[in-house]
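Containing PDB, C-alpha atoms: start_10.pdb.
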```pdb
ATOM      1  CA  MET A1448     208.188 120.800  85.134
ATOM      2  CA  ALA A1449     207.792 117.023  85.085
ATOM      3  CA  LEU A1450     205.015 115.750  82.857
ATOM      4  CA  ASP A1451     202.310 113.724  84.541
ATOM      5  CA  GLY A1452     199.561 111.729  82.900
ATOM      6  CA  HIS A1453     199.045 109.797  79.713
ATOM      7  CA  VAL A1454     200.774 110.662  76.436
ATOM      8  CA  ILE A1455     199.341 110.339  72.939
ATOM      9  CA  ALA A1456     201.877 110.116  70.113
ATOM     10  CA  VAL A1457     200.637 110.723  66.564
ATOM     11  CA  CYS A1458     202.904 108.788  64.261
ATOM     12  CA  GLY A1459     203.683 107.908  60.661
ATOM     13  CA  GLY A1460     206.559 105.790  59.363
ATOM     14  CA  VAL A1461     210.336 105.804  59.837
ATOM     15  CA  GLY A1462     210.935 109.212  61.436
ATOM     16  CA  GLY A1463     207.875 108.933  63.615
ATOM     17  CA  ALA A1464     208.791 105.412  64.677
ATOM     18  CA  LYS A1465     212.169 106.619  65.959
ATOM     19  CA  LEU A1466     210.583 109.111  68.332
ATOM     20  CA  ALA A1467     207.916 106.572  69.287
ATOM     21  CA  PHE A1468     210.785 104.262  70.269
ATOM     22  CA  GLY A1469     212.227 106.979  72.500
ATOM     23  CA  LEU A1470     208.854 107.648  74.098
ATOM     24  CA  ALA A1471     208.290 103.930  74.656
ATOM     25  CA  ARG A1472     211.658 103.646  76.403
ATOM     26  CA  THR A1473     210.951 106.710  78.538
ATOM     27  CA  LEU A1474     207.365 106.139  79.672
ATOM     28  CA  GLU A1475     206.152 103.250  81.800
ATOM     29  CA  PRO A1476     203.758 100.730  80.214
ATOM     30  CA  GLY A1477     200.237 102.113  80.267
ATOM     31  CA  ARG A1478     201.314 105.753  79.906
ATOM     32  CA  LEU A1479     201.662 105.861  76.106
ATOM     33  CA  THR A1480     199.247 105.404  73.220
ATOM     34  CA  ILE A1481     200.639 105.591  69.689
ATOM     35  CA  VAL A1482     198.103 106.520  67.002
ATOM     36  CA  CYS A1483     199.387 105.273  63.673
ATOM     37  CA  ASN A1484     198.678 106.237  60.066
ATOM     38  CA  THR A1485     196.891 103.656  57.910
ATOM     39  CA  GLY A1486     196.469 105.822  54.814
ATOM     40  CA  ASP A1487     199.456 103.930  53.356
ATOM     41  CA  ASP A1488     197.720 100.548  53.705
ATOM     42  CA  PHE A1489     197.119  98.619  50.500
ATOM     43  CA  GLU A1490     196.543  95.172  49.033
ATOM     44  CA  HIS A1491     199.635  93.565  47.512
ATOM     45  CA  LEU A1492     199.892  90.020  46.182
ATOM     46  CA  GLY A1493     196.591  89.293  47.898
ATOM     47  CA  LEU A1494     197.813  90.491  51.290
ATOM     48  CA  HIS A1495     196.773  93.467  53.419
ATOM     49  CA  VAL A1496     199.946  95.458  54.078
ATOM     50  CA  SER A1497     200.068  98.198  56.748
ATOM     51  CA  PRO A1498     203.512  99.750  56.160
ATOM     52  CA  ASP A1499     203.458 102.434  58.861
ATOM     53  CA  ILE A1500     202.048 100.148  61.530
ATOM     54  CA  ASP A1501     204.651  97.512  60.678
ATOM     55  CA  THR A1502     207.500 100.047  60.773
ATOM     56  CA  VAL A1503     206.413 101.171  64.237
ATOM     57  CA  VAL A1504     205.948  97.593  65.466
ATOM     58  CA  TYR A1505     209.337  96.446  64.182
ATOM     59  CA  THR A1506     211.060  99.568  65.546
ATOM     60  CA  LEU A1507     209.545  99.274  69.019
ATOM     61  CA  SER A1508     210.326  95.549  69.170
ATOM     62  CA  GLU A1509     213.937  96.277  68.073
ATOM     63  CA  LEU A1510     213.591  93.956  65.081
ATOM     64  CA  SER A1511     213.790  96.610  62.359
ATOM     65  CA  ASP A1512     216.448  96.898  59.701
ATOM     66  CA  ARG A1513     218.136 100.156  60.696
ATOM     67  CA  GLU A1514     220.066 100.547  57.473
ATOM     68  CA  ARG A1515     217.015 100.389  55.194
ATOM     69  CA  GLY A1516     214.739 102.001  57.744
ATOM     70  CA  TRP A1517     211.939  99.504  57.085
ATOM     71  CA  GLY A1518     211.360  95.767  57.304
ATOM     72  CA  LEU A1519     213.141  93.248  59.488
ATOM     73  CA  ALA A1520     216.851  93.005  60.175
ATOM     74  CA  GLY A1521     218.503  89.915  58.689
ATOM     75  CA  GLU A1522     215.665  89.472  56.205
ATOM     76  CA  THR A1523     215.844  87.100  53.231
ATOM     77  CA  TRP A1524     214.058  87.514  49.902
ATOM     78  CA  ASN A1525     213.416  84.027  48.504
ATOM     79  CA  PHE A1526     209.700  84.694  48.132
ATOM     80  CA  MET A1527     210.279  87.840  46.073
ATOM     81  CA  ASP A1528     212.882  86.068  43.940
ATOM     82  CA  GLN A1529     210.313  83.428  43.062
ATOM     83  CA  ILE A1530     207.605  86.040  42.409
ATOM     84  CA  ARG A1531     210.016  87.700  39.992
ATOM     85  CA  ARG A1532     210.606  84.398  38.191
ATOM     86  CA  PHE A1533     206.880  84.045  37.675
ATOM     87  CA  GLY A1534     206.616  87.581  36.326
ATOM     88  CA  GLY A1535     204.630  88.791  39.320
ATOM     89  CA  ALA A1536     204.474  92.268  40.856
ATOM     90  CA  ASP A1537     207.912  92.686  42.383
ATOM     91  CA  TRP A1538     208.045  96.468  42.845
ATOM     92  CA  PHE A1539     207.111  96.272  46.546
ATOM     93  CA  ASN A1540     209.337  93.930  48.525
ATOM     94  CA  LEU A1541     207.917  91.550  51.118
ATOM     95  CA  GLY A1542     210.600  89.724  53.062
ATOM     96  CA  ASP A1543     210.321  86.050  53.913
ATOM     97  CA  ARG A1544     209.863  86.635  57.660
ATOM     98  CA  ASP A1545     207.847  89.813  57.164
ATOM     99  CA  LEU A1546     205.284  87.771  55.209
ATOM    100  CA  ALA A1547     204.036  86.261  58.459
ATOM    101  CA  MET A1548     202.768  89.670  59.621
ATOM    102  CA  HIS A1549     200.813  90.278  56.416
ATOM    103  CA  VAL A1550     199.410  86.762  56.225
ATOM    104  CA  GLN A1551     198.204  86.907  59.830
ATOM    105  CA  ARG A1552     196.645  90.332  59.325
ATOM    106  CA  THR A1553     194.929  89.306  56.078
ATOM    107  CA  GLN A1554     193.515  86.087  57.510
ATOM    108  CA  ARG A1555     192.188  87.775  60.623
ATOM    109  CA  LEU A1556     190.617  90.651  58.674
ATOM    110  CA  ALA A1557     188.928  88.101  56.400
ATOM    111  CA  ALA A1558     187.547  86.397  59.523
ATOM    112  CA  GLY A1559     185.906  89.669  60.561
ATOM    113  CA  GLU A1560     188.385  90.874  63.163
ATOM    114  CA  ARG A1561     189.101  94.602  63.413
ATOM    115  CA  LEU A1562     192.474  96.091  62.486
ATOM    116  CA  THR A1563     192.733  97.546  65.997
ATOM    117  CA  THR A1564     192.527  94.175  67.770
ATOM    118  CA  ILE A1565     194.764  92.512  65.180
ATOM    119  CA  THR A1566     197.421  95.210  65.639
ATOM    120  CA  ALA A1567     197.282  94.820  69.420
ATOM    121  CA  ALA A1568     197.694  91.044  69.152
ATOM    122  CA  LEU A1569     200.615  91.186  66.712
ATOM    123  CA  ALA A1570     202.393  93.947  68.630
ATOM    124  CA  GLY A1571     201.874  92.097  71.899
ATOM    125  CA  ALA A1572     203.309  88.903  70.417
ATOM    126  CA  LEU A1573     206.503  90.856  69.686
ATOM    127  CA  GLY A1574     206.736  92.128  73.255
ATOM    128  CA  ILE A1575     205.394  95.667  72.825
ATOM    129  CA  ALA A1576     203.884  96.820  76.113
ATOM    130  CA  HIS A1577     202.472 100.172  75.002
ATOM    131  CA  ARG A1578     199.208 100.614  73.139
ATOM    132  CA  LEU A1579     199.432 100.984  69.357
ATOM    133  CA  LEU A1580     196.187 102.024  67.675
ATOM    134  CA  PRO A1581     195.408 102.391  63.962
ATOM    135  CA  MET A1582     193.800 105.769  63.224
ATOM    136  CA  SER A1583     190.636 103.885  62.181
ATOM    137  CA  ASP A1584     189.407 100.381  61.482
ATOM    138  CA  ASP A1585     187.798 101.714  58.317
ATOM    139  CA  PRO A1586     189.836 101.953  55.098
ATOM    140  CA  VAL A1587     191.357 105.342  54.287
ATOM    141  CA  ARG A1588     193.616 105.447  51.249
ATOM    142  CA  THR A1589     196.041 108.249  50.431
ATOM    143  CA  CYS A1590     195.976 109.182  46.748
ATOM    144  CA  VAL A1591     198.537 111.523  45.229
ATOM    145  CA  ALA A1592     197.587 113.622  42.191
ATOM    146  CA  THR A1593     200.749 114.047  40.117
ATOM    147  CA  ASP A1594     201.910 115.093  36.671
ATOM    148  CA  ALA A1595     201.891 111.359  35.869
ATOM    149  CA  GLY A1596     198.251 111.021  36.935
ATOM    150  CA  ASP A1597     196.545 109.980  40.154
ATOM    151  CA  LEU A1598     198.631 107.433  42.039
ATOM    152  CA  PRO A1599     197.795 105.372  45.129
ATOM    153  CA  PHE A1600     200.340 106.241  47.788
ATOM    154  CA  GLN A1601     202.545 103.164  47.475
ATOM    155  CA  GLU A1602     202.581 103.480  43.679
ATOM    156  CA  TYR A1603     203.863 107.034  44.124
ATOM    157  CA  PHE A1604     206.197 106.371  47.034
ATOM    158  CA  VAL A1605     207.748 103.014  46.094
ATOM    159  CA  ARG A1606     207.064 102.222  42.466
ATOM    160  CA  ALA A1607     207.564 105.775  41.149
ATOM    161  CA  ARG A1608     210.173 106.619  43.836
ATOM    162  CA  CYS A1609     208.405 109.941  44.565
ATOM    163  CA  GLU A1610     209.643 111.263  41.213
ATOM    164  CA  PRO A1611     206.378 112.650  39.717
ATOM    165  CA  ARG A1612     205.562 116.237  40.631
ATOM    166  CA  VAL A1613     202.752 116.401  43.173
ATOM    167  CA  ARG A1614     199.737 118.619  42.515
ATOM    168  CA  SER A1615     197.480 117.660  45.425
ATOM    169  CA  ILE A1616     196.720 114.889  47.935
ATOM    170  CA  ARG A1617     193.405 113.391  48.958
ATOM    171  CA  PHE A1618     192.359 110.745  51.462
ATOM    172  CA  GLU A1619     189.770 108.456  49.956
ATOM    173  CA  GLY A1620     187.323 107.105  52.502
ATOM    174  CA  ALA A1621     188.334 109.564  55.213
ATOM    175  CA  ALA A1622     184.931 111.237  55.386
ATOM    176  CA  GLN A1623     183.288 107.874  56.121
ATOM    177  CA  ALA A1624     185.955 106.604  58.523
ATOM    178  CA  ARG A1625     185.183 106.261  62.211
ATOM    179  CA  ILE A1626     187.357 106.428  65.290
ATOM    180  CA  SER A1627     187.590 103.035  66.990
ATOM    181  CA  PRO A1628     186.125 102.529  70.477
ATOM    182  CA  GLU A1629     189.675 102.130  71.831
ATOM    183  CA  LEU A1630     190.802 105.432  70.329
ATOM    184  CA  SER A1631     187.624 107.201  71.481
ATOM    185  CA  GLU A1632     188.302 105.887  74.966
ATOM    186  CA  THR A1633     191.862 107.216  74.860
ATOM    187  CA  LEU A1634     190.804 110.666  73.645
ATOM    188  CA  ALA A1635     188.202 110.836  76.423
ATOM    189  CA  ARG A1636     190.733 110.163  79.199
ATOM    190  CA  ARG A1637     190.906 112.936  81.779
ATOM    191  CA  ASP A1638     194.593 112.416  82.491
ATOM    192  CA  ILE A1639     196.138 113.250  79.097
ATOM    193  CA  GLY A1640     199.382 115.081  79.820
ATOM    194  CA  ALA A1641     200.589 115.716  76.269
ATOM    195  CA  VAL A1642     199.989 115.063  72.609
ATOM    196  CA  ILE A1643     203.230 114.589  70.658
ATOM    197  CA  ILE A1644     203.145 114.806  66.862
ATOM    198  CA  CYS A1645     206.173 112.809  65.738
ATOM    199  CA  PRO A1646     208.544 114.012  62.980
ATOM    200  CA  SER A1647     206.595 112.277  60.231
ATOM    201  CA  ASN A1648     205.634 113.782  56.869
ATOM    202  CA  PRO A1649     202.850 116.272  57.736
ATOM    203  CA  TYR A1650     201.119 115.820  54.374
ATOM    204  CA  LEU A1651     201.444 112.082  53.791
ATOM    205  CA  SER A1652     201.661 110.611  57.294
ATOM    206  CA  ILE A1653     199.939 112.962  59.757
ATOM    207  CA  ASP A1654     197.227 114.544  57.579
ATOM    208  CA  PRO A1655     195.517 111.182  56.906
ATOM    209  CA  ILE A1656     195.203 110.708  60.666
ATOM    210  CA  LEU A1657     193.819 114.201  61.211
ATOM    211  CA  ALA A1658     191.403 113.675  58.305
ATOM    212  CA  VAL A1659     189.423 111.040  60.230
ATOM    213  CA  PRO A1660     186.297 112.883  61.420
ATOM    214  CA  GLY A1661     186.554 113.864  65.059
ATOM    215  CA  LEU A1662     190.202 112.911  65.516
ATOM    216  CA  ARG A1663     191.770 116.354  65.179
ATOM    217  CA  GLU A1664     189.006 117.800  67.333
ATOM    218  CA  GLY A1665     189.454 114.988  69.842
ATOM    219  CA  LEU A1666     193.173 115.686  70.202
ATOM    220  CA  ALA A1667     192.506 119.389  70.739
ATOM    221  CA  ALA A1668     189.731 118.646  73.231
ATOM    222  CA  THR A1669     192.079 116.717  75.539
ATOM    223  CA  GLY A1670     193.191 120.091  76.850
ATOM    224  CA  ALA A1671     196.798 118.863  76.872
ATOM    225  CA  PRO A1672     199.649 120.722  75.190
ATOM    226  CA  VAL A1673     200.139 119.598  71.585
ATOM    227  CA  VAL A1674     203.808 119.554  70.621
ATOM    228  CA  ALA A1675     205.274 118.598  67.242
ATOM    229  CA  VAL A1676     208.802 117.766  66.171
ATOM    230  CA  SER A1677     209.638 119.298  62.799
ATOM    231  CA  PRO A1678     210.720 116.762  60.166
ATOM    232  CA  ILE A1679     212.575 119.549  58.332
ATOM    233  CA  VAL A1680     216.199 120.334  59.201
ATOM    234  CA  GLY A1681     218.000 123.055  57.316
ATOM    235  CA  GLY A1682     215.385 123.159  54.578
ATOM    236  CA  GLU A1683     215.531 119.424  53.875
ATOM    237  CA  ALA A1684     213.977 116.246  55.210
ATOM    238  CA  ILE A1685     216.142 113.746  57.058
ATOM    239  CA  LYS A1686     214.497 110.983  55.051
ATOM    240  CA  GLY A1687     211.721 110.830  52.476
ATOM    241  CA  PRO A1688     210.036 113.329  50.154
ATOM    242  CA  THR A1689     208.762 115.901  52.673
ATOM    243  CA  ALA A1690     210.854 118.848  51.463
ATOM    244  CA  LYS A1691     210.360 117.981  47.763
ATOM    245  CA  LEU A1692     206.625 117.688  48.310
ATOM    246  CA  MET A1693     206.425 121.008  50.139
ATOM    247  CA  ARG A1694     208.211 122.796  47.313
ATOM    248  CA  GLU A1695     205.899 121.234  44.746
ATOM    249  CA  LEU A1696     202.935 122.471  46.770
ATOM    250  CA  ALA A1697     204.486 125.962  46.826
ATOM    251  CA  VAL A1698     205.341 125.759  50.530
ATOM    252  CA  ASP A1699     208.736 126.776  51.884
ATOM    253  CA  PRO A1700     210.295 123.717  53.567
ATOM    254  CA  SER A1701     210.879 125.061  57.067
ATOM    255  CA  GLY A1702     209.807 124.578  60.640
ATOM    256  CA  VAL A1703     207.655 127.690  60.410
ATOM    257  CA  SER A1704     205.746 126.144  57.491
ATOM    258  CA  VAL A1705     205.266 122.938  59.461
ATOM    259  CA  ALA A1706     203.863 124.941  62.374
ATOM    260  CA  ARG A1707     201.503 126.825  60.059
ATOM    261  CA  HIS A1708     200.355 123.522  58.577
ATOM    262  CA  TYR A1709     199.245 122.429  62.057
ATOM    263  CA  ARG A1710     197.774 125.844  62.864
ATOM    264  CA  GLY A1711     194.921 125.716  65.359
ATOM    265  CA  LEU A1712     196.149 122.464  66.879
ATOM    266  CA  LEU A1713     199.747 123.138  67.902
ATOM    267  CA  ASP A1714     201.061 124.765  71.093
ATOM    268  CA  GLY A1715     204.759 124.271  70.483
ATOM    269  CA  LEU A1716     207.274 123.113  67.866
ATOM    270  CA  ILE A1717     210.644 121.463  68.354
ATOM    271  CA  ILE A1718     213.255 122.458  65.771
ATOM    272  CA  ASP A1719     216.882 121.552  65.194
ATOM    273  CA  HIS A1720     219.873 123.689  66.181
ATOM    274  CA  VAL A1721     220.427 124.364  62.471
ATOM    275  CA  ASP A1722     217.091 126.182  62.375
ATOM    276  CA  ALA A1723     217.523 128.140  65.613
ATOM    277  CA  ALA A1724     216.811 131.418  63.804
ATOM    278  CA  GLU A1725     213.236 130.246  63.226
ATOM    279  CA  ALA A1726     212.454 130.229  66.952
ATOM    280  CA  ALA A1727     211.686 133.952  67.020
ATOM    281  CA  LYS A1728     209.358 133.591  64.025
ATOM    282  CA  LEU A1729     207.490 130.777  65.742
ATOM    283  CA  GLU A1730     207.134 132.777  68.926
ATOM    284  CA  ALA A1731     205.889 135.764  66.906
ATOM    285  CA  GLU A1732     203.091 133.490  65.679
ATOM    286  CA  GLY A1733     202.131 132.648  69.245
ATOM    287  CA  LEU A1734     203.865 129.265  69.458
ATOM    288  CA  ALA A1735     206.466 128.080  71.924
ATOM    289  CA  ALA A1736     209.714 126.849  70.376
ATOM    290  CA  LEU A1737     212.326 124.412  71.608
ATOM    291  CA  VAL A1738     215.696 124.305  69.864
ATOM    292  CA  THR A1739     217.614 121.041  70.236
ATOM    293  CA  GLY A1740     219.122 118.214  68.226
ATOM    294  CA  THR A1741     216.321 116.534  66.287
ATOM    295  CA  VAL A1742     218.387 114.162  64.134
ATOM    296  CA  MET A1743     218.071 110.696  65.709
ATOM    297  CA  GLN A1744     221.060 108.567  64.743
ATOM    298  CA  SER A1745     221.178 106.357  67.828
ATOM    299  CA  ASP A1746     218.913 104.972  70.536
ATOM    300  CA  GLU A1747     220.363 107.577  72.874
ATOM    301  CA  ASP A1748     219.274 110.331  70.467
ATOM    302  CA  ARG A1749     215.763 108.909  70.327
ATOM    303  CA  ILE A1750     215.425 108.705  74.098
ATOM    304  CA  ARG A1751     216.970 112.149  74.669
ATOM    305  CA  LEU A1752     214.616 113.806  72.160
ATOM    306  CA  ALA A1753     211.631 112.001  73.663
ATOM    307  CA  ARG A1754     212.542 113.215  77.142
ATOM    308  CA  GLU A1755     213.041 116.756  75.887
ATOM    309  CA  ALA A1756     209.692 116.694  74.084
ATOM    310  CA  LEU A1757     207.948 115.503  77.245
ATOM    311  CA  ALA A1758     209.698 118.111  79.388
ATOM    312  CA  PHE A1759     208.768 120.817  76.844
ATOM    313  CA  ALA A1760     205.123 119.744  76.991
ATOM    314  CA  GLY A1761     205.350 119.702  80.783
ATOM    315  CA  ARG A1762     206.572 123.309  80.847
ATOM    316  CA  LEU A1763     203.774 124.389  78.529
ATOM    317  CA  LYS A1764     201.231 122.619  80.700
ATOM    318  CA  GLY A1765     202.642 124.205  83.833
ATOM    319  CA  ALA A1766     202.487 127.677  82.283
ATOM    320  CA  ARG A1767     198.722 127.420  81.674
TER     321      ARG A1767
END
```

Can I see the file as structure tokens?
Amino acid sequence: MALDGHVIAVCGGVGGAKLAFGLARTLEPGRLTIVCNTGDDFEHLGLHVSPDIDTVVYTLSELSDRERGWGLAGETWNFMDQIRRFGGADWFNLGDRDLAMHVQRTQRLAAGERLTTITAALAGALGIAHRLLPMSDDPVRTCVATDAGDLPFQEYFVRARCEPRVRSIRFEGAAQARISPELSETLARRDIGAVIICPSNPYLSIDPILAVPGLREGLAATGAPVVAVSPIVGGEAIKGPTAKLMRELAVDPSGVSVARHYRGLLDGLIIDHVDAAEAAKLEAEGLAALVTGTVMQSDEDRIRLAREALAFAGRLKGAR
């Protein structure tokens, strides 16, 4: 069954951005809203950096560095070289062209503008036609409790290279965060056809979004099928620390575990061919399962998976 209506994509960084790209190339302008994690945001060298938003913006505008998976293609690093000479904090790289994004965002925030309107302006300047919304205009900061102590997310992810063993995760400021008027308006639409949870880290990229009061409930209240793409393939993550983190939290890295993590919200899970045996387990838990290729190595893979996710959601909607 073809999927009608508006689509909400819930998205973190690199893996999520790939599927968001496919959705953006599949859906006409005005039919897609991407809700992006800001729990990774932090202040660095006096600048407000929004890593997940920037990864999505650069991916959708086809400016991203595909080899690294983050930042801009063809980037230069003269600024960081000079910072290093001065003995400054050089553990988080800011490219020379990428600096413009952070400077603009920092200046506009200081002038009292909201992150939502800033994101829309910057994304629009790079030719992005679909709506990209931060999960909140209020600060939410992911903090990882590890054997090496409590670490802000970027300290854990970049500086410590995800090496410390994780004990727990918390989202500072989440309880006080509010959904923006733009996001509230989107959640209240009567034509939502599907909610797609992209293959981002459930614990570090999606949970901060769902921790904003009213957001998880708002997604469920749309009445649309909620479909997720598992970021785990064959017991491992395609990229990033998802599988390592799950093991450290005493969770088996599998599609079934991902589905259980989203219990109460999810209607269906998309898993890779490698994990086809898990489909029966998912269905035994009352979830629909779609088995397909979930590894996105090319633009064609991204678009194909997006179309399959939308068709899957359409079938679930039609079966209601």

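Among the candidate residues A:Gly1620, A:Asn1484, A:Ala1572, A:Thr1739, the one lying nearest to Leu1657 of chain A is A:Asn1484, with distances computed using all atoms listed in the file.
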
For the provided coordinates, the residues matched by the PyMOL selection byres ((chain A and resi 1719) around 6) should be stated as a PDB file with C-alpha atoms, keeping the file's coordinate frame.
```pdb
ATOM      1  CA  ILE A1718     213.255 122.458  65.771  1.00  0.00           C
ATOM      2  CA  HIS A1720     219.873 123.689  66.181  1.00  0.00           C
ATOM      3  CA  VAL A1721     220.427 124.364  62.471  1.00  0.00           C
ATOM      4  CA  ASP A1722     217.091 126.182  62.375  1.00  0.00           C
ATOM      5  CA  VAL A1738     215.696 124.305  69.864  1.00  0.00           C
ATOM      6  CA  THR A1739     217.614 121.041  70.236  1.00  0.00           C
ATOM      7  CA  GLY A1740     219.122 118.214  68.226  1.00  0.00           C
ATOM      8  CA  THR A1741     216.321 116.534  66.287  1.00  0.00           C
TER       9      THR A1741
END
```

Leaving out Ile1750 of chain A and any residue of its chain fewer than 5 positions from it, which residues lie within 10 Å of it when counting only C-alpha atoms, given as an mmCIF file with C-alpha atoms, keeping the file's coordinate frame?
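Heads up, here's the output in part-v2.cif:
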```cif
data_model
loop_
_atom_site.group_PDB
_atom_site.id
_atom_site.type_symbol
_atom_site.label_atom_id
_atom_site.label_comp_id
_atom_site.auth_asym_id
_atom_site.auth_seq_id
_atom_site.Cartn_x
_atom_site.Cartn_y
_atom_site.Cartn_z
ATOM 1 C CA LYS A 1465 212.169 106.619 65.959
ATOM 2 C CA LEU A 1466 210.583 109.111 68.332
ATOM 3 C CA ALA A 1467 207.916 106.572 69.287
ATOM 4 C CA PHE A 1468 210.785 104.262 70.269
ATOM 5 C CA GLY A 1469 212.227 106.979 72.500
ATOM 6 C CA LEU A 1470 208.854 107.648 74.098
ATOM 7 C CA ALA A 1471 208.290 103.930 74.656
ATOM 8 C CA ARG A 1472 211.658 103.646 76.403
ATOM 9 C CA THR A 1473 210.951 106.710 78.538
ATOM 10 C CA MET A 1743 218.071 110.696 65.709
ATOM 11 C CA SER A 1745 221.178 106.357 67.828
ATOM 12 C CA GLU A 1755 213.041 116.756 75.887
ATOM 13 C CA ALA A 1756 209.692 116.694 74.084
#
```

| field | Answer as a PyMOL selection string, residues within 9 Å of (185.4, 105.9, 58.9) using all atoms listed in the file | value | chain A and resi 1583-1587+1620-1627+1659-1660

| task | Considering all atoms listed in the file, return as a PyMOL selection string whatever protein or nucleic-acid residues lie within 7 Å of segment 1697-1711 of chain A, sequence-local ones (same chain, fewer than 4 positions apart) excluded. | result | chain A and resi 1677+1679+1682-1683+1690+1693+1716+1718+1725+1729

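Of the residues listed (A:Arg1694, A:Arg1749, A:Arg1478, A:Arg1612), A:Arg1478 shows the shortest atom-to-atom separation from Ile1455 of chain A; distances use only C-alpha atoms.
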
| Nearest residue to Gly1640 of chain A from the set A:Val1674, A:Ala1684, A:Val1496, A:Val1482 (distances using all atoms listed in the file) | A:Val1674

| said: For a test of reading the model, state the distance in Å between atom CA of Ala1641 of chain A and atom CA of Leu1692 of chain A, rounded to one decimal. | reply: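 Here the two named atoms are 28.7 Å from each other.
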
| query | Which of these, A:Gly1670, A:Gly1463, A:Gly1518, A:Gly1486, has the shortest distance to Gly1687 of chain A once you count all atoms listed in the file? | reply |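 Smallest distance to Gly1687 of chain A is found for A:Gly1463.
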
| task | Would you list the contacts of Arg1552 of chain A as a PyMOL selection string, taking every protein, DNA or RNA residue within 12 Å and counting only C-alpha atoms, but skipping same-chain residues closer than 5 positions in sequence? | result | chain A and resi 1488+1490+1493-1497+1500-1501+1545-1547+1557-1570

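Across the structure, atom CA of Leu1579 of chain A and atom CA of Glu1632 of chain A are spaced 13.4 Å apart.
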
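Minimum atom-to-atom distances from A:Ile1644, A:Lys1764, A:Ile1653, A:Glu1664 to Ile1717 of chain A were compared using only C-alpha atoms, and the lowest value belongs to A:Ile1644.
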
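For the pair atom CA of Leu1712 of chain A and atom CA of Pro1649 of chain A, the separation is 12.9 Å.
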